[in-house]
Every structure is written in structure tokens, then in C-alpha cells.
$ cat my_file-v7.cif   # mmCIF, C-alpha atoms
data_coords
loop_
_atom_site.label_atom_id
_atom_site.label_comp_id
_atom_site.auth_asym_id
_atom_site.auth_seq_id
_atom_site.Cartn_x
_atom_site.Cartn_y
_atom_site.Cartn_z
CA MET A 1 152.47 457.36 59.22
CA THR A 2 148.73 457.95 59.01
CA THR A 3 145.78 456.50 60.83
CA GLY A 4 143.05 454.94 58.66
CA HIS A 5 139.61 456.56 58.88
CA ASP A 6 137.47 453.85 57.29
CA ARG A 7 138.58 451.09 59.66
CA ALA A 8 139.17 450.76 63.39
CA GLU A 9 141.11 453.47 65.22
CA SER A 10 143.94 450.98 65.72
CA THR A 11 144.58 450.71 61.96
CA VAL A 12 147.88 452.26 60.91
CA THR A 13 149.10 452.75 57.34
CA PHE A 14 152.73 452.93 56.20
CA ALA A 15 154.00 453.53 52.67
CA GLY A 16 157.11 451.72 51.52
CA ILE A 17 160.44 450.50 52.85
CA ARG A 18 162.03 453.91 52.45
CA ASN A 19 159.98 455.13 55.41
CA GLN A 20 162.02 452.62 57.41
CA VAL A 21 159.21 450.93 59.28
CA PRO A 22 161.26 448.83 61.75
CA GLY A 23 160.27 445.34 62.78
CA PRO A 24 160.48 446.21 66.51
CA LEU A 25 157.91 449.00 66.04
CA LEU A 26 155.50 446.63 64.33
CA ARG A 27 156.04 444.06 67.07
CA THR A 28 155.31 446.70 69.71
CA ILE A 29 152.07 447.64 67.96
CA PHE A 30 150.85 444.05 67.78
CA SER A 31 151.89 443.18 71.32
CA GLN A 32 150.40 446.27 72.97
CA VAL A 33 147.47 447.51 70.87
CA LYS A 34 144.33 445.40 71.11
CA GLY A 35 142.76 444.74 67.72
CA ALA A 36 145.70 446.34 65.91
CA GLU A 37 145.83 446.36 62.12
CA VAL A 38 148.70 447.69 60.02
CA ILE A 39 148.63 448.29 56.27
CA LEU A 40 151.91 448.56 54.34
CA THR A 41 151.96 449.70 50.71
CA PHE A 42 154.86 449.45 48.25
CA ASN A 43 155.13 450.75 44.69
CA VAL A 44 156.16 447.59 42.83
CA ASP A 45 158.33 449.21 40.16
CA SER A 46 160.21 451.25 42.76
CA LEU A 47 160.58 448.21 44.98
CA ILE A 48 162.01 446.09 42.15
CA THR A 49 164.51 448.83 41.31
CA PHE A 50 165.38 449.23 44.97
CA LEU A 51 165.95 445.51 45.51
CA SER A 52 168.22 445.43 42.45
CA ASP A 53 170.59 447.87 44.17
CA LYS A 54 172.26 445.34 46.44
CA GLU A 55 174.48 447.60 48.56
CA GLN A 56 171.83 450.24 49.23
CA CYS A 57 169.14 447.65 49.69
CA ARG A 58 171.07 445.56 52.21
CA THR A 59 171.82 448.60 54.33
CA LYS A 60 168.21 449.73 54.31
CA LEU A 61 166.85 446.25 55.00
CA GLN A 62 169.33 445.76 57.83
CA GLN A 63 168.00 448.93 59.43
CA ILE A 64 164.45 447.56 59.47
CA GLY A 65 165.37 443.95 60.28
CA LEU A 66 164.44 442.30 56.97
CA ASP A 67 167.81 441.58 55.35
CA LYS A 68 168.08 438.07 56.83
CA TYR A 69 164.92 437.00 55.00
CA ILE A 70 166.20 437.83 51.51
CA ASP A 71 167.63 435.17 49.20
CA TRP A 72 170.23 437.50 47.70
CA ARG A 73 171.55 435.02 45.13
CA THR A 74 168.09 434.46 43.68
CA LEU A 75 167.42 438.20 43.52
CA GLU A 76 170.67 438.68 41.62
CA ASN A 77 169.51 436.07 39.09
CA LEU A 78 166.19 437.89 38.76
CA LYS A 79 167.64 441.15 37.48
CA ASN A 80 166.74 440.41 33.87
CA SER A 81 163.70 438.24 34.52
CA SER A 82 160.00 438.91 34.06
CA PRO A 83 157.77 441.01 36.34
CA VAL A 84 155.97 437.79 37.32
CA ALA A 85 159.17 436.29 38.73
CA TRP A 86 159.98 439.51 40.55
CA ARG A 87 156.57 439.84 42.14
CA SER A 88 156.59 436.23 43.26
CA ALA A 89 160.04 436.71 44.78
CA ILE A 90 158.90 439.86 46.60
CA GLN A 91 155.93 438.03 48.08
CA ARG A 92 157.93 434.98 49.15
CA ASN A 93 160.93 436.83 50.57
CA LEU A 94 159.74 440.12 52.04
CA ALA A 95 156.34 438.90 53.19
CA ARG A 96 157.85 436.24 55.41
CA GLY A 97 160.12 438.83 57.01
CA LEU A 98 157.33 441.35 57.57
CA VAL A 99 155.08 438.72 59.13
CA GLU A 100 157.70 437.19 61.41
CA GLU A 101 159.24 440.49 62.50
CA SER A 102 155.87 442.10 63.21
CA GLY A 103 154.53 439.30 65.38
CA ALA A 104 151.13 439.70 63.70
CA LYS A 105 148.98 436.58 63.81
CA HIS A 106 147.30 437.12 60.44
CA HIS A 107 148.13 438.77 57.13
CA THR A 108 147.28 439.30 53.47
CA ILE A 109 150.12 439.96 51.02
CA PHE A 110 148.61 440.52 47.59
CA TYR A 111 148.94 443.02 44.74
CA ILE A 112 146.51 445.68 43.60
CA THR A 113 146.27 447.60 40.33
CA PRO A 114 144.09 450.73 40.67
CA ALA A 115 141.22 451.34 38.26
CA GLY A 116 141.83 453.67 35.34
CA SER A 117 144.54 454.06 32.73
CA THR A 118 147.50 453.82 35.13
CA SER A 119 149.90 450.93 34.54
CA TRP A 120 151.48 450.93 37.98
CA THR A 121 150.82 448.29 40.60
CA TYR A 122 151.45 448.30 44.31
CA TRP A 123 151.93 445.62 46.92
CA LEU A 124 149.39 445.78 49.72
CA VAL A 125 150.34 444.05 52.98
CA HIS A 126 147.70 443.86 55.70
CA LEU A 127 148.79 442.69 59.16
CA SER A 128 146.44 442.03 62.06
CA ASN A 129 145.86 440.01 65.22
CA SER A 130 142.24 439.36 64.28
CA PHE A 131 141.32 436.52 61.94
CA LYS A 132 138.01 438.27 61.26
CA ALA A 133 139.87 441.38 60.07
CA ARG A 134 141.93 439.19 57.77
CA ASP A 135 138.83 437.51 56.37
CA VAL A 136 137.14 440.86 55.72
CA MET A 137 140.23 441.97 53.80
CA MET A 138 140.16 438.76 51.73
CA GLU A 139 136.48 439.27 50.93
CA LEU A 140 137.41 442.72 49.62
CA HIS A 141 140.07 441.16 47.39
CA TRP A 142 137.54 438.81 45.78
CA GLN A 143 134.92 441.55 45.44
CA GLN A 144 137.45 443.72 43.58
CA ALA A 145 138.74 440.81 41.49
CA ASN A 146 139.71 442.93 38.49
CA HIS A 147 142.28 444.83 40.54
CA PHE A 148 143.90 442.22 42.81
CA SER A 149 146.40 439.50 41.91
CA HIS A 150 149.04 437.22 43.39
CA TYR A 151 151.93 435.02 42.23
CA LEU A 152 151.82 432.19 44.74
CA GLU A 153 150.11 428.79 44.83
CA PRO A 154 146.36 429.04 44.12
CA ASP A 155 145.24 427.23 47.29
CA ILE A 156 147.81 426.96 50.12
CA PHE A 157 151.17 428.68 49.77
CA THR A 158 154.42 428.94 51.67
CA LEU A 159 156.66 431.96 52.11
CA GLY A 160 160.42 432.30 51.93
CA TYR A 161 163.04 430.27 50.07
CA ARG A 162 161.83 427.11 48.30
CA THR A 163 164.31 424.42 47.24
CA ASN A 164 162.11 423.45 44.28
CA ASP A 165 162.71 426.92 42.81
CA ASP A 166 166.49 426.69 43.18
CA GLU A 167 168.25 425.93 39.89
CA GLU A 168 171.35 424.58 41.65
CA ALA A 169 169.33 422.34 43.95
CA THR A 170 167.05 420.91 41.26
CA GLY A 171 169.37 420.88 38.27
CA GLN A 172 166.64 422.56 36.22
CA ASN A 173 167.30 425.60 34.06
CA GLY A 174 165.59 428.83 34.97
CA LEU A 175 163.60 429.98 37.95
CA ASN A 176 160.11 428.71 38.64
CA LEU A 177 158.80 431.60 40.68
CA GLY A 178 155.08 431.55 40.18
CA GLN A 179 152.43 432.64 37.74
CA ALA A 180 149.84 435.37 37.94
CA PHE A 181 146.49 434.58 39.57
CA GLN A 182 143.65 437.05 39.45
CA PHE A 183 140.90 436.90 42.05
CA ASP A 184 138.39 435.76 39.43
CA ALA A 185 136.10 432.76 38.89
CA ILE A 186 138.90 430.61 37.47
CA ALA A 187 141.14 431.33 40.46
CA SER A 188 138.23 430.66 42.81
CA ASP A 189 137.61 427.22 41.29
CA ARG A 190 141.30 426.32 41.43
CA CYS A 191 141.53 427.51 45.01
CA ARG A 192 138.52 425.50 46.14
CA ALA A 193 139.62 422.33 44.34
CA GLY A 194 143.15 422.61 45.70
CA LEU A 195 141.92 423.16 49.24
CA SER A 196 139.66 420.10 48.98
CA GLU A 197 142.60 417.97 47.85
CA LYS A 198 144.83 419.19 50.69
CA LEU A 199 142.54 419.81 53.66
CA VAL A 200 140.58 416.56 53.60
CA PRO A 201 143.73 414.36 53.83
CA LEU A 202 145.07 416.75 56.47
CA ILE A 203 142.02 416.12 58.65
CA PHE A 204 142.27 412.36 58.06
CA ASP A 205 145.93 412.36 59.03
CA SER A 206 145.30 414.32 62.22
CA SER A 207 145.61 412.21 65.36
CA GLN A 208 142.69 414.06 66.97
CA PRO A 209 139.48 415.81 65.87
CA ILE A 210 140.06 419.46 65.01
CA LEU A 211 137.88 422.49 65.57
CA PHE A 212 137.00 424.29 62.35
CA GLY A 213 138.08 427.54 64.01
CA ARG A 214 141.46 426.00 64.81
CA LEU A 215 141.83 424.85 61.21
CA LEU A 216 141.17 428.41 60.08
CA GLU A 217 143.75 429.77 62.51
CA ASN A 218 146.31 427.26 61.27
CA ILE A 219 145.93 427.84 57.52
CA GLY A 220 143.97 431.08 57.23
CA SER A 221 146.83 433.38 56.24
CA SER A 222 148.46 430.81 53.96
CA THR A 223 145.64 430.82 51.44
CA PRO A 224 143.88 433.38 49.25
CA ALA A 225 140.57 431.81 50.32
CA THR A 226 137.93 433.39 52.52
CA VAL A 227 136.25 431.42 55.31
CA ASP A 228 133.24 430.76 53.09
CA MET A 229 135.51 429.39 50.36
CA ILE A 230 137.13 427.03 52.86
CA ARG A 231 133.66 425.85 53.88
CA LEU A 232 132.87 425.17 50.22
CA ALA A 233 136.12 423.24 49.85
CA LEU A 234 135.08 420.89 52.67
CA ASP A 235 131.48 420.61 51.47
CA PRO A 236 131.86 417.64 49.05
CA ALA A 237 133.56 415.46 51.66
CA ILE A 238 130.96 416.32 54.30
CA ARG A 239 128.02 415.70 51.96
CA ALA A 240 129.56 412.37 50.90
CA GLY A 241 130.08 411.33 54.51
CA ASP A 242 133.86 411.14 54.20
CA LEU A 243 134.18 413.88 56.83
CA SER A 244 131.97 414.53 59.81
CA ALA A 245 131.30 418.00 61.22
CA LYS A 246 129.64 418.04 64.63
CA SER A 247 128.34 421.05 66.52
CA LYS A 248 129.11 421.58 70.20
CA ASP A 249 125.71 420.11 71.10
CA GLY A 250 126.45 416.95 69.10
CA LYS A 251 124.46 417.65 65.95
CA THR A 252 125.96 416.49 62.66
CA ARG A 253 126.19 419.05 59.86
CA ALA A 254 124.75 417.88 56.55
CA LYS A 255 126.84 420.24 54.41
CA GLY A 256 130.05 422.19 54.63
CA THR A 257 128.46 425.58 54.12
CA THR A 258 126.84 425.39 57.57
CA ILE A 259 130.04 424.70 59.55
CA HIS A 260 130.61 426.96 62.56
CA SER A 261 133.96 427.87 64.08
CA ASP A 262 133.30 425.73 67.17
CA ASP A 263 132.28 422.65 65.15
CA VAL A 264 134.51 419.60 65.37
CA LEU A 265 135.85 418.06 62.15
CA LEU A 266 136.81 414.40 62.07
CA PRO A 267 137.08 411.63 59.48
CA SER A 268 134.31 409.13 59.04
CA PRO A 269 134.90 405.73 60.70
CA GLN A 270 135.43 404.16 57.27
CA LYS A 271 138.39 406.05 55.80
CA PRO A 272 138.18 406.25 51.98
CA LEU A 273 141.05 404.96 49.90
CA PHE A 274 141.10 408.24 47.99
CA PHE A 275 139.13 411.44 47.82
CA VAL A 276 138.05 413.28 44.67
CA PRO A 277 136.65 416.79 45.30
#
$ encode --input "my_file-v7.cif" --output "C-alpha cells"
Amino acid sequence: MTTGHDRAESTVTFAGIRNQVPGPLLRTIFSQVKGAEVILTFNVDSLITFLSDKEQCRTKLQQIGLDKYIDWRTLENLKNSSPVAWRSAIQRNLARGLVEESGAKHHTIFYITPAGSTSWTYWLVHLSNSFKARDVMMELHWQQANHFSHYLEPDIFTLGYRTNDDEEATGQNGLNLGQAFQFDAIASDRCRAGLSEKLVPLIFDSSQPILFGRLLENIGSSTPATVDMIRLALDPAIRAGDLSAKSKDGKTRAKGTTIHSDDVLLPSPQKPLFFVP
């Protein structure tokens, strides 16, 4: 265990499952250390090999409290599958366990490939209680787009087992466990468009107005987007008058890029039949 030098003093870095970072220790850190941040790194190739060894893996994961989050049957089916399927499964299964066991309020769970001729990739998990810390980490991902990637939905994703990926539940052949997304311009456009399609109806369906800051807290860690990207996703609806964003002193925002965390979001009185971002 080492303490990071380029971030706050409360940042702690762990490397890999084999160091046996237990869930209770992470929970203690996030419940007792103000502004805590924890970074976990995993060598992907080693992790895939490790997860293929069922007996050894189950024992190790039981020791650190993560075994109950693993869909063992799916992992068995993945033994001869592609790296894309493996990396998606790692994100969906282990990330949920790490987040829930740690008690951290915010997280990023993406992959990084270092610059240079190396072919290896590692999984970088950042846990924190600060949404700002999470947003700074996401900004870094987009700035270093050539090196970061993920295998989840491009806009809002879910972690853990998904029935739609289960061959027995759907009757479909094969496993649909994601595709690779780089943090590039194409991914940015898909992320923004997807967020527009999902967030605007979410606000319309809400029984009460919602603070923009509360919206960020609710969906912030379930998207690869930064705060500014979420603002851009809401911008078309606000400019068109489909959504209203009001400041705490009652002023109406003319565009999504100027929304503040304490602004209130609410649908316009005349609800549109459909919304096209």
C-alpha cells in the first residue's frame, strides 16, 4: 500500500486482488477519512487468468468479500471468449462488488493502456466520496483519450449481472458483453446523444423539480461523461424550451452550458410528445 504524492494526502493506491484488499478496510477508509480517495490497479491479463482458476479465485475473493458479486456460470462460459467479453465481464462483476463493499459514493472503473510499445492493459478503479474528485478523474480520461477505454454502455451503464446478456434467459446464442469504447470524439458524441435521450425523459417523468447537483449525484458514477458533457447533453432541450433551468434567485438559464449545481431543472409547462437531441 502506498500513498499518492500527486493528489491529496488521503489518496491510497493498491495494486491487484492478490494484495487482498478487504472490503471492510475500504469501508473503514471511506467512513472515517474525510475526502478519502482510493485507487486500485489490476493487470488485465493476470486478472483474466486468475478469474479462470475457479477454486483459487473463489477462495481469494471470499477472503476480500467479493465472491458473492461474481456470476460464476458466465465466467465459465467466457474461458474461450474474446478479450472484449472478458473486460466487460470484469467491469460489470468486480466493479459492483468493489463499489458496494467499499461504501464509496463515487467511482470510475475504466481501462488504461500505457503509452509506448507495451501491449499490456490494466484496470484502473478510482473510489472516492467526492463527486468533484470523480469528475477530475473523468476529465483526465478524456484528455488521455488514446490510452483509456471501456466496455460498457456509451452513456449510462449498469453494473453486475444483466438478464439481457444471459443466453439461457434470452434464448439467444452467445454472450453480448459489450464492445470497446475509446474516450475519443466518436465516443463523446455517442455519450452526449445517449444522455440527451435518457436524461430529458427522466426529468419529465420526475414528480418534482430536481437540482442539477442532485442529478449529478444520482447518475454521475454510472456514466463516462464529465459534468460539462452532461451540461451539453441537456443543452438542446433547454435552448428549445423543452426543459427549464432556474437559478436559486429565479433566473432562467438560456443554455445548458451555464447550469450550476444549485439550479433547478423542470419540464416546460407544455410537455413535448417526443424529444430529439
$ atom_distance --input "my_file-v7.cif" --atom1 "CA of Pro114 (chain A)" --atom2 "CA of Val227 (chain A)"
25.5 Å
$ resolve_selection --input "my_file-v7.cif" --expression "the PyMOL selection byres ((chain A and resi 193) around 12)" --output "compact mmCIF listing (two decimals) with C-alpha atoms, in the coordinates of the input"
# COMPACT_ATOMS: atom_id res chain seq x y z
CA PRO A 154 146.36 429.04 44.12
CA ASP A 155 145.24 427.23 47.29
CA ILE A 156 147.81 426.96 50.12
CA ILE A 186 138.90 430.61 37.47
CA ALA A 187 141.14 431.33 40.46
CA SER A 188 138.23 430.66 42.81
CA ASP A 189 137.61 427.22 41.29
CA ARG A 190 141.30 426.32 41.43
CA CYS A 191 141.53 427.51 45.01
CA ARG A 192 138.52 425.50 46.14
CA GLY A 194 143.15 422.61 45.70
CA LEU A 195 141.92 423.16 49.24
CA SER A 196 139.66 420.10 48.98
CA GLU A 197 142.60 417.97 47.85
CA LYS A 198 144.83 419.19 50.69
CA LEU A 199 142.54 419.81 53.66
CA VAL A 200 140.58 416.56 53.60
CA ALA A 225 140.57 431.81 50.32
CA MET A 229 135.51 429.39 50.36
CA ILE A 230 137.13 427.03 52.86
CA ARG A 231 133.66 425.85 53.88
CA LEU A 232 132.87 425.17 50.22
CA ALA A 233 136.12 423.24 49.85
CA LEU A 234 135.08 420.89 52.67
CA ASP A 235 131.48 420.61 51.47
CA PRO A 236 131.86 417.64 49.05
CA ALA A 237 133.56 415.46 51.66
CA PHE A 275 139.13 411.44 47.82
CA VAL A 276 138.05 413.28 44.67
CA PRO A 277 136.65 416.79 45.30
$ atom_distance --input "my_file-v7.cif" --atom1 "CA of Val125 (chain A)" --atom2 "CA of Arg73 (chain A)"
24.4 Å
$ atom_distance --input "my_file-v7.cif" --atom1 "CA of Gly97 (chain A)" --atom2 "CA of Glu139 (chain A)"
24.4 Å
$ residues_around --input "my_file-v7.cif" --residues "Ile238 (chain A)" --least-positions-apart "6" --cutoff "12 Å" --atoms "all atoms listed in the file" --output "list in words"
Ser196, Val200, Ile203, Arg231, Leu232, Ser244, Ala245, Lys246, Thr252, Arg253, Ala254, Lys255, Gly256, Thr257, Thr258, Ile259, Leu265, Leu266, Pro267, Ser268, Phe275 and Pro277 of chain A
$ write_last_selection --input "my_file-v7.cif" --atoms "C-alpha atoms" --output "short mmCIF file (atom, residue, chain, number, x, y, z; two decimals), keeping the file's coordinate frame"
data_model
loop_
_atom_site.label_atom_id
_atom_site.label_comp_id
_atom_site.auth_asym_id
_atom_site.auth_seq_id
_atom_site.Cartn_x
_atom_site.Cartn_y
_atom_site.Cartn_z
CA SER A 196 139.66 420.10 48.98
CA VAL A 200 140.58 416.56 53.60
CA ILE A 203 142.02 416.12 58.65
CA ARG A 231 133.66 425.85 53.88
CA LEU A 232 132.87 425.17 50.22
CA SER A 244 131.97 414.53 59.81
CA ALA A 245 131.30 418.00 61.22
CA LYS A 246 129.64 418.04 64.63
CA THR A 252 125.96 416.49 62.66
CA ARG A 253 126.19 419.05 59.86
CA ALA A 254 124.75 417.88 56.55
CA LYS A 255 126.84 420.24 54.41
CA GLY A 256 130.05 422.19 54.63
CA THR A 257 128.46 425.58 54.12
CA THR A 258 126.84 425.39 57.57
CA ILE A 259 130.04 424.70 59.55
CA LEU A 265 135.85 418.06 62.15
CA LEU A 266 136.81 414.40 62.07
CA PRO A 267 137.08 411.63 59.48
CA SER A 268 134.31 409.13 59.04
CA PHE A 275 139.13 411.44 47.82
CA PRO A 277 136.65 416.79 45.30
#
$ closest_residue --input "my_file-v7.cif" --among "A:Asn146, A:Gln63, A:Thr28, A:Gln179" --to "Arg87 (chain A)" --atoms "only C-alpha atoms"
A:Gln179
$ axis_aligned_box --input "my_file-v7.cif" --around "region 121-135 of chain A" --padding-each-side "4 Å" --output "JSON"
{"center_x": 145.0, "center_y": 442.4, "center_z": 52.9, "size_x": 21.9, "size_y": 19.8, "size_z": 32.6}
$ closest_residue --input "my_file-v7.cif" --among "A:Gln208, A:Thr41, A:Asn93, A:Gln182" --to "Leu66 (chain A)" --atoms "only C-alpha atoms"
A:Asn93
$ resolve_selection --input "my_file-v7.cif" --expression "the PyMOL selection byres ((chain A and resi 129) around 12)" --output "PyMOL selection string"
chain A and resi 10-11+26-27+29-38+99+102-108+126-128+130-135+217+221
$ decode --input "my_file-v7.cif" --residues "region 87-100 of chain A" --atoms "C-alpha atoms" --output "PDB file, in the first residue's frame"
ATOM      1  CA  ARG A  87     -13.083  -6.973 -19.890  1.00  0.00           C
ATOM      2  CA  SER A  88     -16.779  -6.188 -19.961  1.00  0.00           C
ATOM      3  CA  ALA A  89     -17.443  -9.026 -17.515  1.00  0.00           C
ATOM      4  CA  ILE A  90     -14.688  -7.786 -15.194  1.00  0.00           C
ATOM      5  CA  GLN A  91     -16.162  -4.298 -15.163  1.00  0.00           C
ATOM      6  CA  ARG A  92     -19.730  -5.458 -14.589  1.00  0.00           C
ATOM      7  CA  ASN A  93     -18.972  -8.082 -11.941  1.00  0.00           C
ATOM      8  CA  LEU A  94     -15.992  -6.918  -9.909  1.00  0.00           C
ATOM      9  CA  ALA A  95     -16.723  -3.195 -10.114  1.00  0.00           C
ATOM     10  CA  ARG A  96     -20.113  -3.600  -8.489  1.00  0.00           C
ATOM     11  CA  GLY A  97     -18.541  -5.562  -5.650  1.00  0.00           C
ATOM     12  CA  LEU A  98     -15.728  -3.079  -5.099  1.00  0.00           C
ATOM     13  CA  VAL A  99     -18.129  -0.139  -5.057  1.00  0.00           C
ATOM     14  CA  GLU A 100     -20.700  -1.712  -2.750  1.00  0.00           C
TER      15      GLU A 100
END
